[in-house]
Every structure is written in structure tokens, then in C-alpha cells.
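S.K.: First the structure, which I've put down as C-alpha cells, then a few questions once you've had a look.
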Amino acid sequence: MASDGDASVHGANETRPIGVTEELALVWPLLGRQIAFHRRLVDLTASVKAALLLSQAIYWTRHGRDIEQRAGWFYKTMGQWEMETGLSAKEQVGARQSLRRIAILDEQRVGVPAKLHFRLALDQLVPCCQTGLECAHSA
């Protein structure tokens, strides 16, 4: 691509400008897996990082294996959370602490060695989403 900001495709004998769609088609496969981020959760949690983790917890509550049979509980390692959200271990701890403080995310350790499981506290999340109130104010 040209260094002056103009994008072009270099063929064997020619250089031709490419459009935004073609440029994006080149970038898209390089971006990796996408995840849903619900902007409204930033208002509810007062934290972008907590909202990002909560968005992913909502995804796994909807699409995880055997969620109904496990009463909403799902398992994630810190490495899985980091791979999915980009949040470091320290950022995850802070986001989880924020979500526990406003009573939106439940945690429990299960087994030996213990594995950390998570569950959305839908009885708290649903009213916050319905009213649009910041959950931090209702905790």
C-alpha cells in the first residue's frame, strides 16, 4: 500500500486504487474472533472492563454447554477470559470485583483442584436493564 495514505493493489504490471470494502476485506481475516460488547452495560456497571466481562458472561449464559442443567453456572479460566476479552488477569480481578460488588456475578469454586465457576445474577441484572438504572446505585 502507498505510504501517503492512498491504498492501492499492486498487480503484476499495474497499481490501482482499492476501495474501502476491498481494504476492509484484507484486514478482516487478520482481526481474529469477534465478541459482542453491549455498550449499555457500561452505564449499568460504571466500568468498561466490567461491562466487557459481563457481556461475555451473558454470551456464555446463553450459549454455554448444559447451562440449564447447571443452574446457570459455567466455567472459565483466567486464560480463557483473557483470550476472549483481552483483559489481563489483574483487569479480570478488578472487573469481577466490580460485578460482585453490585451483585450481578456469582462465583464459586468447585472440585479438587478447585475451578472457578460463574453465574449471572439475573434477578439483579434484569431489573437494572429494565429500568436503565446504574446497578452500582442499587447495590
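In the C-alpha cells, the first chain shown is A, the next is B, and so on; residue numbers restart at 1 for each chain, and ligands run from 1 in the order shown.
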I need the residues in range 12-92 of chain A that are strand (DSSP E or B) according to DSSP; give them as a list in words.
M.R.: Thr15, Arg16, Pro17, Phe74 and Tyr75 of chain A
S.K.: Near His38 in chain A, within 8 Å and counting only C-alpha atoms, which residues show up once chain neighbours fewer than 4 positions away are dropped, as number ranges by chain?
M.R.: A: 42, 51-52, 55
S.K.: For range 87-100 of chain A, work out the shell of residues within 9 Å, counting only C-alpha atoms and skipping chain neighbours fewer than 6 positions away, then give it as an NGL selection string.
M.R.: :A and (45-54 or 78-79 or 81 or 106-107 or 136)
S.K.: Of the candidates A:Leu120, A:Leu44, A:Val112, A:Ile104, which one gets nearest to Gly72 in chain A if we count only C-alpha atoms?
M.R.: A:Leu120
S.K.: Check chain A with DSSP on the backbone and list each residue it calls alpha helix (DSSP H), as number ranges by chain.
M.R.: A: 20-27, 40-45, 48-63, 78-85, 89-101, 122-131, 135-138
S.K.: CA of Ile35 in chain A and CA of Thr61 in chain A are how many Å apart?
M.R.: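 About the pair CA of Ile35 in chain A and CA of Thr61 in chain A: they are 14.0 Å apart.
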S.K.: Near range 73-77 of chain A, within 6 Å and counting only C-alpha atoms, which residues show up once chain neighbours fewer than 2 positions away are dropped, as a list in words?
M.R.: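 Here the qualifying residues turn out to be Arg70, Ala71, Gly79, Gln80, His117, Phe118 and Arg119 of chain A.
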S.K.: For those residues, write all heavy atoms to a file as a compact mmCIF listing (two decimals), in the first residue's frame.
M.R.:
```
# COMPACT_ATOMS: atom_id res chain seq x y z
N ARG A 70 -27.05 -26.92 34.85
CA ARG A 70 -26.10 -26.46 35.87
C ARG A 70 -26.59 -25.21 36.59
O ARG A 70 -25.80 -24.50 37.22
CB ARG A 70 -24.75 -26.19 35.23
CG ARG A 70 -24.11 -27.45 34.69
CD ARG A 70 -22.79 -27.16 34.05
NE ARG A 70 -22.22 -28.40 33.54
CZ ARG A 70 -21.22 -28.46 32.69
NH1 ARG A 70 -20.67 -27.36 32.25
NH2 ARG A 70 -20.76 -29.63 32.29
N ALA A 71 -27.88 -24.93 36.50
CA ALA A 71 -28.50 -23.78 37.17
C ALA A 71 -27.80 -22.47 36.81
O ALA A 71 -27.67 -21.57 37.64
CB ALA A 71 -28.52 -23.99 38.68
N GLY A 79 -7.08 -17.63 31.67
CA GLY A 79 -6.54 -17.66 30.32
C GLY A 79 -7.62 -17.58 29.25
O GLY A 79 -7.47 -16.90 28.24
N GLN A 80 -8.75 -18.28 29.50
CA GLN A 80 -9.87 -18.22 28.55
C GLN A 80 -10.48 -16.83 28.52
O GLN A 80 -10.77 -16.29 27.44
CB GLN A 80 -10.92 -19.26 28.92
CG GLN A 80 -10.48 -20.68 28.64
CD GLN A 80 -11.43 -21.70 29.24
OE1 GLN A 80 -11.98 -21.52 30.34
NE2 GLN A 80 -11.61 -22.80 28.54
N HIS A 117 -16.13 -21.19 38.94
CA HIS A 117 -17.34 -21.17 38.12
C HIS A 117 -18.06 -19.84 38.34
O HIS A 117 -17.96 -19.23 39.39
CB HIS A 117 -18.26 -22.33 38.49
CG HIS A 117 -17.74 -23.66 38.07
ND1 HIS A 117 -16.65 -24.26 38.65
CD2 HIS A 117 -18.16 -24.51 37.11
CE1 HIS A 117 -16.41 -25.42 38.06
NE2 HIS A 117 -17.33 -25.60 37.13
N PHE A 118 -18.82 -19.44 37.31
CA PHE A 118 -19.52 -18.16 37.32
C PHE A 118 -20.98 -18.36 36.98
O PHE A 118 -21.35 -19.28 36.27
CB PHE A 118 -18.89 -17.22 36.27
CG PHE A 118 -17.43 -17.01 36.46
CD1 PHE A 118 -16.50 -17.85 35.84
CD2 PHE A 118 -16.95 -16.00 37.27
CE1 PHE A 118 -15.15 -17.67 36.02
CE2 PHE A 118 -15.60 -15.81 37.45
CZ PHE A 118 -14.69 -16.64 36.83
N ARG A 119 -21.81 -17.43 37.49
CA ARG A 119 -23.24 -17.42 37.15
C ARG A 119 -23.72 -15.99 37.21
O ARG A 119 -23.41 -15.24 38.14
CB ARG A 119 -24.03 -18.28 38.14
CG ARG A 119 -25.54 -18.26 37.86
CD ARG A 119 -26.30 -19.16 38.79
NE ARG A 119 -26.15 -18.72 40.17
CZ ARG A 119 -26.65 -19.36 41.22
NH1 ARG A 119 -27.31 -20.48 41.06
NH2 ARG A 119 -26.48 -18.90 42.44
```
S.K.: Quick one: residues within 8 Å of Gln124 in chain A, only C-alpha atoms counted, chain neighbours fewer than 3 positions away excluded, as a list of chain:residue names?
M.R.: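 Once the adjacent positions are removed, what remains is A:Ala103, A:Ile104, A:Ala121, A:Pro127, A:Cys128.
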S.K.: Tell me, in Å to one decimal, how far CA of Ala57 in chain A is from CA of Leu105 in chain A.
M.R.: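 CA of Ala57 in chain A sits 8.6 Å away from CA of Leu105 in chain A.
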S.K.: Which one is closest to Leu125 in chain A: A:Ile67, A:Leu41, A:Ile18, A:Ala25? Count only C-alpha atoms.
M.R.: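 Result for the nearest residue to Leu125 in chain A: A:Leu41.
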S.K.: For CA of Asp123 in chain A and CA of Glu82 in chain A, quote the distance in Å rounded to one decimal.
M.R.: 26.9 Å
